[in-house]
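Trainee: Structure file query_7.tsv (TSV, C-alpha atoms) is given on the next line.
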chain	number	residue	atom	x	y	z
A	1	MET	CA	8.30	0.55	35.22
A	2	ASN	CA	11.12	-0.21	32.78
A	3	ASP	CA	11.32	0.77	29.10
A	4	ASP	CA	9.69	-2.45	27.85
A	5	ALA	CA	6.76	-2.06	30.21
A	6	ALA	CA	6.45	1.61	29.32
A	7	ASP	CA	6.31	0.66	25.65
A	8	TRP	CA	3.34	-1.59	26.40
A	9	ALA	CA	1.53	0.72	28.78
A	10	GLY	CA	2.49	4.13	27.50
A	11	ARG	CA	2.29	4.12	23.70
A	12	THR	CA	-1.46	3.69	23.50
A	13	ASP	CA	-3.28	6.54	21.76
A	14	GLY	CA	-1.68	9.14	23.97
A	15	VAL	CA	-2.72	7.59	27.26
A	16	ARG	CA	-0.04	8.00	29.91
A	17	SER	CA	1.52	4.92	31.48
A	18	GLU	CA	0.22	5.99	34.89
A	19	ASP	CA	-3.32	5.58	33.54
A	20	VAL	CA	-2.70	1.83	33.41
A	21	SER	CA	-2.65	-0.25	36.59
A	22	PHE	CA	-0.77	-3.53	36.56
A	23	GLY	CA	-0.32	-3.98	40.30
A	24	ALA	CA	2.80	-3.87	42.42
A	25	ASP	CA	3.67	-7.54	42.02
A	26	ALA	CA	2.99	-7.86	38.29
A	27	GLY	CA	6.21	-6.30	36.96
A	28	ARG	CA	7.75	-9.42	35.46
A	29	GLU	CA	4.47	-10.43	33.84
A	30	VAL	CA	4.05	-6.94	32.38
A	31	GLN	CA	7.57	-7.09	30.94
A	32	LYS	CA	6.79	-10.44	29.34
A	33	ALA	CA	3.51	-9.09	27.99
A	34	ALA	CA	5.33	-6.07	26.58
A	35	ALA	CA	7.62	-8.38	24.66
A	36	HIS	CA	4.57	-9.95	23.04
A	37	ARG	CA	2.87	-6.66	22.16
A	38	ARG	CA	3.53	-6.93	18.44
A	39	LYS	CA	1.89	-10.35	18.36
A	40	ALA	CA	-1.45	-8.68	19.10
A	41	ALA	CA	-2.06	-8.17	15.37
A	42	GLY	CA	-0.37	-4.79	15.53
A	43	ARG	CA	-3.48	-3.15	16.96
A	44	PRO	CA	-3.08	-0.18	19.32
A	45	VAL	CA	-4.60	-0.36	22.77
A	46	ASP	CA	-7.14	2.34	23.58
A	47	TRP	CA	-6.98	2.68	27.35
A	48	SER	CA	-9.45	5.57	27.25
A	49	THR	CA	-12.33	3.28	26.25
A	50	PRO	CA	-13.46	0.85	28.97
A	51	SER	CA	-12.97	-2.77	27.96
A	52	PRO	CA	-15.34	-5.44	29.34
A	53	ALA	CA	-12.42	-7.90	29.42
A	54	ARG	CA	-10.36	-5.58	31.60
A	55	MET	CA	-13.40	-4.67	33.72
A	56	TYR	CA	-14.01	-8.39	34.29
A	57	CYS	CA	-10.39	-8.70	35.41
A	58	TYR	CA	-11.06	-5.90	37.90
A	59	TYR	CA	-14.16	-7.69	39.23
A	60	LEU	CA	-12.01	-10.76	39.85
A	61	GLY	CA	-9.42	-8.76	41.77
A	62	GLY	CA	-6.87	-8.82	38.96
A	63	LYS	CA	-4.38	-6.13	38.01
A	64	ASP	CA	-4.62	-5.71	34.24
A	65	TYR	CA	-6.91	-2.72	33.84
A	66	GLY	CA	-6.71	1.03	33.38
A	67	ARG	CA	-8.33	3.98	35.07
A	68	ALA	CA	-11.21	4.11	32.58
A	69	ASP	CA	-11.88	0.40	33.10
A	70	ARG	CA	-11.89	0.79	36.88
A	71	ALA	CA	-14.19	3.81	36.79
A	72	ALA	CA	-16.69	2.08	34.51
A	73	ALA	CA	-16.54	-1.10	36.58
A	74	ASP	CA	-17.17	0.83	39.79
A	75	ARG	CA	-20.29	2.38	38.26
A	76	ALA	CA	-21.52	-1.05	37.20
A	77	VAL	CA	-20.90	-2.45	40.69
A	78	ALA	CA	-22.85	0.46	42.16
A	79	ALA	CA	-25.79	-0.69	40.03
A	80	MET	CA	-25.30	-4.34	41.04
A	81	PRO	CA	-23.08	-4.91	44.08
A	82	GLU	CA	-23.10	-8.68	43.47
A	83	LEU	CA	-21.26	-8.26	40.15
A	84	PRO	CA	-17.84	-9.37	41.49
A	85	ASP	CA	-19.51	-12.42	43.07
A	86	LEU	CA	-21.09	-13.19	39.71
A	87	ALA	CA	-17.69	-13.03	38.01
A	88	ARG	CA	-16.17	-15.37	40.61
A	89	ALA	CA	-19.12	-17.75	40.32
A	90	ASN	CA	-18.60	-17.86	36.58
A	91	ARG	CA	-14.93	-18.76	36.98
A	92	ALA	CA	-15.82	-21.48	39.48
A	93	TRP	CA	-18.43	-22.88	37.07
A	94	LEU	CA	-15.87	-22.87	34.27
A	95	GLY	CA	-13.48	-24.97	36.31
A	96	ARG	CA	-16.18	-27.48	37.27
A	97	THR	CA	-17.38	-27.71	33.68
A	98	VAL	CA	-13.95	-28.36	32.24
A	99	ARG	CA	-13.25	-31.05	34.84
A	100	TYR	CA	-16.65	-32.61	34.09
A	101	LEU	CA	-15.91	-32.72	30.37
A	102	ALA	CA	-12.44	-34.12	30.97
A	103	GLY	CA	-14.10	-36.82	33.04
A	104	LEU	CA	-16.11	-37.75	29.95
A	105	GLY	CA	-12.88	-38.30	28.05
A	106	ILE	CA	-12.69	-34.94	26.29
A	107	ASP	CA	-9.06	-33.87	26.18
A	108	GLN	CA	-9.15	-30.85	23.87
A	109	PHE	CA	-10.81	-27.52	24.52
A	110	VAL	CA	-11.46	-24.30	22.62
A	111	ASP	CA	-12.14	-21.33	24.91
A	112	VAL	CA	-13.82	-18.63	22.81
A	113	GLY	CA	-13.57	-15.13	24.24
A	114	ALA	CA	-11.10	-16.38	26.81
A	115	GLY	CA	-10.38	-13.05	28.49
A	116	LEU	CA	-7.36	-12.15	30.56
A	117	PRO	CA	-5.44	-14.81	32.51
A	118	ALA	CA	-6.96	-15.49	35.92
A	119	GLU	CA	-5.81	-17.10	39.15
A	120	VAL	CA	-6.78	-20.54	37.83
A	121	ASN	CA	-7.01	-20.93	34.07
A	122	LEU	CA	-8.86	-23.39	31.87
A	123	HIS	CA	-5.84	-25.44	30.88
A	124	GLU	CA	-4.96	-25.92	34.55
A	125	SER	CA	-8.46	-27.16	35.36
A	126	ALA	CA	-8.42	-29.44	32.34
A	127	ARG	CA	-5.05	-30.99	33.17
A	128	SER	CA	-6.06	-31.64	36.75
A	129	ALA	CA	-8.38	-34.28	35.24
A	130	ALA	CA	-6.72	-34.96	31.87
A	131	PRO	CA	-2.95	-34.35	32.07
A	132	ASP	CA	-2.47	-34.41	28.30
A	133	ALA	CA	-5.31	-32.00	27.53
A	134	ARG	CA	-4.84	-29.52	24.71
A	135	VAL	CA	-6.28	-26.02	25.04
A	136	VAL	CA	-6.71	-23.18	22.58
A	137	TYR	CA	-7.59	-19.76	23.98
A	138	VAL	CA	-9.34	-17.54	21.43
A	139	ASP	CA	-9.73	-13.77	21.71
A	140	ASN	CA	-9.28	-10.61	19.65
A	141	ASP	CA	-8.59	-8.06	22.39
A	142	PRO	CA	-4.95	-6.90	22.03
A	143	VAL	CA	-4.33	-6.78	25.79
A	144	VAL	CA	-5.81	-10.26	26.24
A	145	LEU	CA	-3.70	-11.59	23.39
A	146	ALA	CA	-0.47	-10.08	24.67
A	147	HIS	CA	-0.91	-11.23	28.25
A	148	GLY	CA	-2.25	-14.63	27.21
A	149	ARG	CA	0.70	-15.27	24.93
A	150	ALA	CA	3.12	-14.17	27.61
A	151	LEU	CA	1.60	-16.11	30.49
A	152	LEU	CA	-0.36	-19.05	29.02
A	153	ASP	CA	0.96	-19.97	25.57
A	154	ASP	CA	3.58	-22.72	25.65
A	155	GLY	CA	3.62	-23.12	21.87
A	156	ASP	CA	2.66	-26.78	22.20
A	157	ARG	CA	-0.43	-27.98	24.06
A	158	THR	CA	-1.65	-24.55	25.13
A	159	ILE	CA	-1.84	-21.71	22.62
A	160	VAL	CA	-3.52	-18.32	22.29
A	161	VAL	CA	-4.91	-17.33	18.88
A	162	ASP	CA	-6.29	-14.10	17.46
A	163	ALA	CA	-9.76	-14.71	16.04
A	164	ASP	CA	-13.16	-13.02	16.17
A	165	LEU	CA	-16.35	-14.87	17.08
A	166	ARG	CA	-18.19	-12.54	14.70
A	167	ARG	CA	-16.44	-14.53	11.97
A	168	PRO	CA	-16.78	-18.13	13.22
A	169	GLU	CA	-14.73	-19.46	10.33
A	170	SER	CA	-11.76	-17.45	11.63
A	171	VAL	CA	-11.92	-19.50	14.82
A	172	LEU	CA	-12.05	-23.14	13.77
A	173	ASP	CA	-10.14	-22.60	10.52
A	174	HIS	CA	-7.28	-20.83	12.27
A	175	PRO	CA	-4.10	-22.67	11.22
A	176	GLU	CA	-2.56	-22.54	14.69
A	177	LEU	CA	-5.73	-23.97	16.24
A	178	ARG	CA	-5.68	-26.79	13.68
A	179	GLU	CA	-2.14	-27.68	14.76
A	180	VAL	CA	-3.28	-28.25	18.35
A	181	VAL	CA	-6.89	-29.44	18.09
A	182	ASP	CA	-8.12	-32.37	16.00
A	183	LEU	CA	-11.61	-31.34	14.92
A	184	GLU	CA	-12.36	-34.91	13.86
A	185	ARG	CA	-12.43	-35.77	17.57
A	186	PRO	CA	-14.77	-34.41	20.29
A	187	VAL	CA	-13.87	-31.04	21.74
A	188	GLY	CA	-15.13	-28.94	24.60
A	189	LEU	CA	-16.31	-25.66	23.08
A	190	ILE	CA	-16.42	-23.06	25.84
A	191	CYS	CA	-18.37	-19.79	25.57
A	192	ALA	CA	-18.12	-18.47	29.12
A	193	ALA	CA	-19.51	-14.97	29.71
A	194	VAL	CA	-18.88	-13.99	26.10
A	195	LEU	CA	-22.19	-14.28	24.23
A	196	ASP	CA	-23.77	-11.56	26.37
A	197	GLY	CA	-21.33	-9.18	24.71
A	198	PHE	CA	-23.23	-9.34	21.41
A	199	THR	CA	-26.52	-7.73	20.44
A	200	ASP	CA	-29.25	-9.70	18.70
A	201	ALA	CA	-28.48	-7.70	15.55
A	202	GLU	CA	-25.02	-9.31	15.52
A	203	ASN	CA	-26.69	-12.76	15.58
A	204	PRO	CA	-24.74	-14.57	18.29
A	205	TYR	CA	-27.06	-17.56	17.77
A	206	GLY	CA	-25.75	-17.89	14.24
A	207	MET	CA	-22.17	-17.58	15.47
A	208	VAL	CA	-22.63	-20.48	17.88
A	209	ALA	CA	-24.50	-22.60	15.34
A	210	ARG	CA	-21.69	-22.21	12.82
A	211	LEU	CA	-19.09	-23.15	15.40
A	212	CYS	CA	-21.08	-26.24	16.34
A	213	GLU	CA	-21.29	-27.26	12.69
A	214	GLY	CA	-17.51	-27.48	12.65
A	215	ILE	CA	-16.99	-29.76	15.65
A	216	ALA	CA	-17.25	-33.53	15.80
A	217	PRO	CA	-20.16	-35.55	17.22
A	218	GLY	CA	-19.59	-36.15	20.90
A	219	SER	CA	-18.35	-32.59	21.36
A	220	HIS	CA	-19.91	-30.43	24.05
A	221	LEU	CA	-20.88	-26.76	24.08
A	222	ALA	CA	-20.68	-24.95	27.44
A	223	VAL	CA	-22.32	-21.54	27.78
A	224	SER	CA	-22.64	-19.10	30.66
A	225	HIS	CA	-24.65	-15.92	30.23
A	226	ILE	CA	-26.06	-13.03	32.26
A	227	GLU	CA	-29.78	-13.47	32.87
A	228	SER	CA	-32.12	-10.55	32.31
A	229	THR	CA	-33.16	-9.09	35.68
A	230	PRO	CA	-33.78	-5.51	36.82
A	231	GLN	CA	-30.25	-5.38	38.26
A	232	THR	CA	-28.49	-6.79	35.20
A	233	ARG	CA	-30.44	-4.46	32.95
A	234	ALA	CA	-29.19	-1.61	35.14
A	235	VAL	CA	-25.64	-2.91	34.64
A	236	ALA	CA	-26.21	-2.99	30.88
A	237	GLU	CA	-27.31	0.63	31.03
A	238	GLU	CA	-24.14	1.57	32.92
A	239	TYR	CA	-22.04	-0.13	30.25
A	240	ARG	CA	-23.92	1.88	27.62
A	241	ARG	CA	-23.35	5.13	29.49
A	242	SER	CA	-19.66	4.31	29.90
A	243	ALA	CA	-19.38	3.62	26.14
A	244	THR	CA	-17.59	0.32	26.71
A	245	SER	CA	-15.96	-1.32	23.71
A	246	SER	CA	-18.73	-3.93	23.67
A	247	PRO	CA	-22.10	-4.01	25.44
A	248	VAL	CA	-23.67	-6.23	28.04
A	249	VAL	CA	-26.85	-7.86	26.75
A	250	PRO	CA	-28.77	-9.75	29.45
A	251	ARG	CA	-31.13	-12.40	28.09
A	252	SER	CA	-34.00	-14.48	29.45
A	253	ARG	CA	-33.70	-18.18	30.20
A	254	GLU	CA	-35.64	-18.93	27.01
A	255	GLN	CA	-33.32	-16.76	24.95
A	256	ILE	CA	-30.24	-18.39	26.47
A	257	ALA	CA	-31.69	-21.84	25.74
A	258	ARG	CA	-31.67	-20.99	22.03
A	259	PHE	CA	-27.88	-21.24	21.99
A	260	PHE	CA	-28.30	-24.99	22.49
A	261	ASP	CA	-30.73	-25.54	19.60
A	262	GLY	CA	-30.00	-28.87	17.92
A	263	LEU	CA	-27.91	-30.13	20.83
A	264	ASP	CA	-28.76	-32.38	23.77
A	265	LEU	CA	-28.61	-30.58	27.12
A	266	VAL	CA	-26.98	-32.62	29.86
A	267	PRO	CA	-28.45	-32.60	33.39
A	268	PRO	CA	-29.26	-30.40	35.21
A	269	GLY	CA	-30.03	-28.31	32.12
A	270	ILE	CA	-29.97	-24.52	32.22
A	271	VAL	CA	-29.53	-23.46	35.83
A	272	PRO	CA	-27.89	-20.73	37.94
A	273	LEU	CA	-24.12	-21.00	37.96
A	274	HIS	CA	-23.85	-22.34	41.49
A	275	GLN	CA	-26.34	-25.15	40.78
A	276	TRP	CA	-24.40	-26.73	37.91
A	277	HIS	CA	-22.63	-29.78	39.37
A	278	PRO	CA	-21.73	-27.98	42.62
A	279	ASP	CA	-18.78	-29.21	44.63
A	280	GLY	CA	-19.48	-27.17	47.76
A	281	GLY	CA	-18.95	-23.58	48.76
A	282	GLU	CA	-20.40	-21.95	45.65
A	283	ALA	CA	-21.73	-18.43	46.08
A	284	GLN	CA	-25.45	-18.36	45.37
A	285	VAL	CA	-25.59	-15.73	42.65
A	286	ARG	CA	-28.70	-16.10	40.52
A	287	ALA	CA	-28.08	-13.48	37.84
A	288	GLY	CA	-25.96	-15.85	35.75
A	289	LEU	CA	-27.27	-18.94	33.96
A	290	CYS	CA	-25.31	-21.76	32.40
A	291	GLY	CA	-25.69	-25.02	30.56
A	292	VAL	CA	-23.75	-27.74	28.78
A	293	ALA	CA	-25.00	-29.68	25.77
A	294	ARG	CA	-23.74	-32.55	23.63
A	295	LYS	CA	-23.59	-32.70	19.88
A	296	GLY	CA	-25.09	-36.01	18.78
Let's see the structure in the file written out as C-alpha cells.
Mentor:
Amino acid sequence: MNDDAADWAGRTDGVRSEDVSFGADAGREVQKAAAHRRKAAGRPVDWSTPSPARMYCYYLGGKDYGRADRAAADRAVAAMPELPDLARANRAWLGRTVRYLAGLGIDQFVDVGAGLPAEVNLHESARSAAPDARVVYVDNDPVVLAHGRALLDDGDRTIVVDADLRRPESVLDHPELREVVDLERPVGLICAAVLDGFTDAENPYGMVARLCEGIAPGSHLAVSHIESTPQTRAVAEEYRRSATSSPVVPRSREQIARFFDGLDLVPPGIVPLHQWHPDGGEAQVRAGLCGVARKG
C-alpha cells in the first residue's frame, strides 16, 4: 500500500492500515479514493465501529470494509444465513426498478443513502435504458463519499453529494444536486435499503414525506426495506450487540406501506424483492419487501 493509500486507511482514530481490507485488486481505486479523502467533509473514519454500509459491501462480496465490519457482518450472517442473498436481491431489484422508471421517461434519479459503489451501479442501469440520464448519489458516510467521488462522480451527469436524510432539506436543497437535477421535472427518488437504518423515534416517515413534497408530480418513490421476521429481528439484535453506527429496524408490511402515504402504488404493489417486475433468475428471498409509487 503506497503513502496515499496509507493516508486513507491508516490515519483513522488510531486504527492500523492492516485493519482495513481493500482487496488485492483494488489498489488503484484505493489510491483514487485516498485523493478524495478531504472531500468527505473532513470527517475522520472510525474503523473500530462497524458500519452498515461497509457490512453491506461485505455481503455483496466487495472489498471496502475493515476487520470490525467483517466480524459484525459474520455474526449477522450466522443469525440469518440468507443475508448475502438478500443484499444481492436488493441490488437486482434496484436495477430493475431504475430501468422500469427510465422506461416511463424518467431520466433523472436521486439515490438517497447510496452506499458504496457496487459491481453494477444505478447510473449504469439508468443509462442502459436512458443514455442521457442524470444521477445524484446522496450519502453522509465518509468512506462512501470518498469512494463514490473517486469511482462514480464525473462532475457532470453523475455526482456524489454529502447530505443527511435526517435533514431532508439538506438533500433536495443541496446546490450541487440542483445543478444536475431539475426538480420541476419528474425524478426517480430511490430509498433502497436505507429506511430500515432509522428508528421510529427518528421519524423516517416524516423524512420521506418531506422529500416527496419537494419533487414534481409524475415523480416516483422506490423503497426497499427489511421485513420483520424472527430471522431479521435476530439480525437487528446482532447489529445492536455489535454497536454498529446505525441500527437495523425491520418493519411489517403495514409499516412499510406507510412510506407511500399520499402516493399511488404501481403494480404489483408491495411485494418481496424477487416478485417486483422479475426478469428471470431472481433469488427467492422473502425477508425484503419493496414498492414503487407515483406522485400525482
Trainee: For stretch 75-191 of chain A versus stretch 210-229 of chain A, which residues have an atom no more than 8 Å away, and what is each residue's nearest atom pair and distance in Å rounded to one decimal, using only C-alpha atoms, chain-then-number order, as CSV?
Mentor:
residue,atom,partner,partner_atom,distance
A:Asn90,CA,A:Ser224,CA,7.3
A:Thr97,CA,A:Ala222,CA,7.6
A:Leu101,CA,A:His220,CA,7.8
A:Ile106,CA,A:Ser219,CA,7.9
A:Pro168,CA,A:Leu211,CA,5.9
A:Glu169,CA,A:Leu211,CA,7.6
A:Leu172,CA,A:Gly214,CA,7.1
A:Leu183,CA,A:Ile215,CA,5.7
A:Glu184,CA,A:Ala216,CA,5.4
A:Arg185,CA,A:Ala216,CA,5.6
A:Pro186,CA,A:Ser219,CA,4.2
A:Val187,CA,A:Ser219,CA,4.8
A:Gly188,CA,A:His220,CA,5.0
A:Leu189,CA,A:Leu221,CA,4.8
A:Ile190,CA,A:Ala222,CA,4.9
A:Cys191,CA,A:Val223,CA,4.9
Trainee: Which one of A:Tyr59, A:Tyr239, A:Arg96, A:His123 sits closest to A:Gly280 if you count all atoms listed in the file?
Mentor: A:Arg96
Trainee: Give me, as a list in words, all polymer residues having an atom no more than 9 Å from A:Ala234, counting all atoms listed in the file and skipping those fewer than 6 positions away in the same chain.
Mentor: Ala76, Ala79 and Met80 of chain A
Trainee: Would you mind reading off the distance between atom CA of A:Arg233 and atom CA of A:Arg166, one decimal, in Å?
Mentor: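 Result for atom CA of A:Arg233 versus atom CA of A:Arg166: 23.4 Å, one decimal.
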Trainee: Considering all atoms listed in the file, state which residue in the set A:Tyr65, A:Leu177, A:Arg157, A:Asp107 is at the smallest distance from A:Val138.
Mentor: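 Once distances to A:Val138 are computed over all atoms listed in the file, the minimum belongs to A:Leu177.
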Trainee: To one decimal place in Å, what is the distance between atom CA of A:Ala257 and atom CA of A:Gly291?
Mentor: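 Between atom CA of A:Ala257 and atom CA of A:Gly291 the gap is 8.3 Å.
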Trainee: Hey, can you check how far atom CA of A:Leu152 sits from atom CA of A:Ala192?
Mentor: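 Between atom CA of A:Leu152 and atom CA of A:Ala192 the gap is 17.8 Å.
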Trainee: Could you list as a PyMOL selection string every residue that has an atom within 12 Å of (-37.6, -15.7, 30.1), using the file's coordinates and counting only C-alpha atoms?
Mentor: chain A and resi 227-229+250-258+270+289
Trainee: Considering all atoms listed in the file, state which residue in the set A:Tyr100, A:Ser170, A:Pro272, A:Ser245 is at the smallest distance from A:Met55.
Mentor: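 The closest residue to A:Met55 is A:Ser245.
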Trainee: Near A:Gly281, counting only C-alpha atoms, which residues have an atom at most 12 Å away, once you skip same-chain residues fewer than 2 positions from it, shown as number ranges by chain?
Mentor: A: 88-89, 92-93, 274-275, 277-279, 283-285
Trainee: For A:Arg167, list every protein, DNA or RNA residue within 12 Å, evaluated using all atoms listed in the file, and leave out those in the same chain fewer than 3 positions away; present the list as JSON, numbers by chain.
Mentor: {"A": [112, 139, 140, 162, 163, 164, 170, 171, 172, 173, 174, 202, 203, 204, 206, 207, 208, 209, 210, 211]}
Trainee: From the set A:Arg134, A:Asp200, A:Asp154, A:Leu145, which residue has the shortest atom-to-atom contact distance to A:Asp182, counting all atoms listed in the file?
Mentor: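 Ranked by minimum distance to A:Asp182, first place goes to A:Arg134.
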Trainee: If we count all atoms listed in the file, what is near A:Leu265 at a cut-off of 7 Å, once residues fewer than 6 positions away on the same chain are taken out, given as a ChimeraX atom specification?
Mentor: /A:292-294
Trainee: Excluding same-chain residues fewer than 6 positions from A:Leu83, what lies within 10 Å of it counting only C-alpha atoms, as a ChimeraX atom specification?
Mentor: /A:56,59-60,73-74,76-77,89,231-232,235,285,287-288
Trainee: When distances are computed from all atoms listed in the file, which of A:Pro175, A:Gly115, A:Pro131, A:Pro84 shows the smallest separation from A:His147?
Mentor: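 Ranked by minimum distance to A:His147, first place goes to A:Gly115.
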Trainee: With 6 Å added on each side, what axis-aligned box encloses every listed atom of stretch 124-131 of chain A? Give the centre and edge lengths in Å to one decimal, as JSON.
Mentor:
{"center_x": -5.7, "center_y": -30.4, "center_z": 34.3, "size_x": 17.5, "size_y": 21.0, "size_z": 16.9}
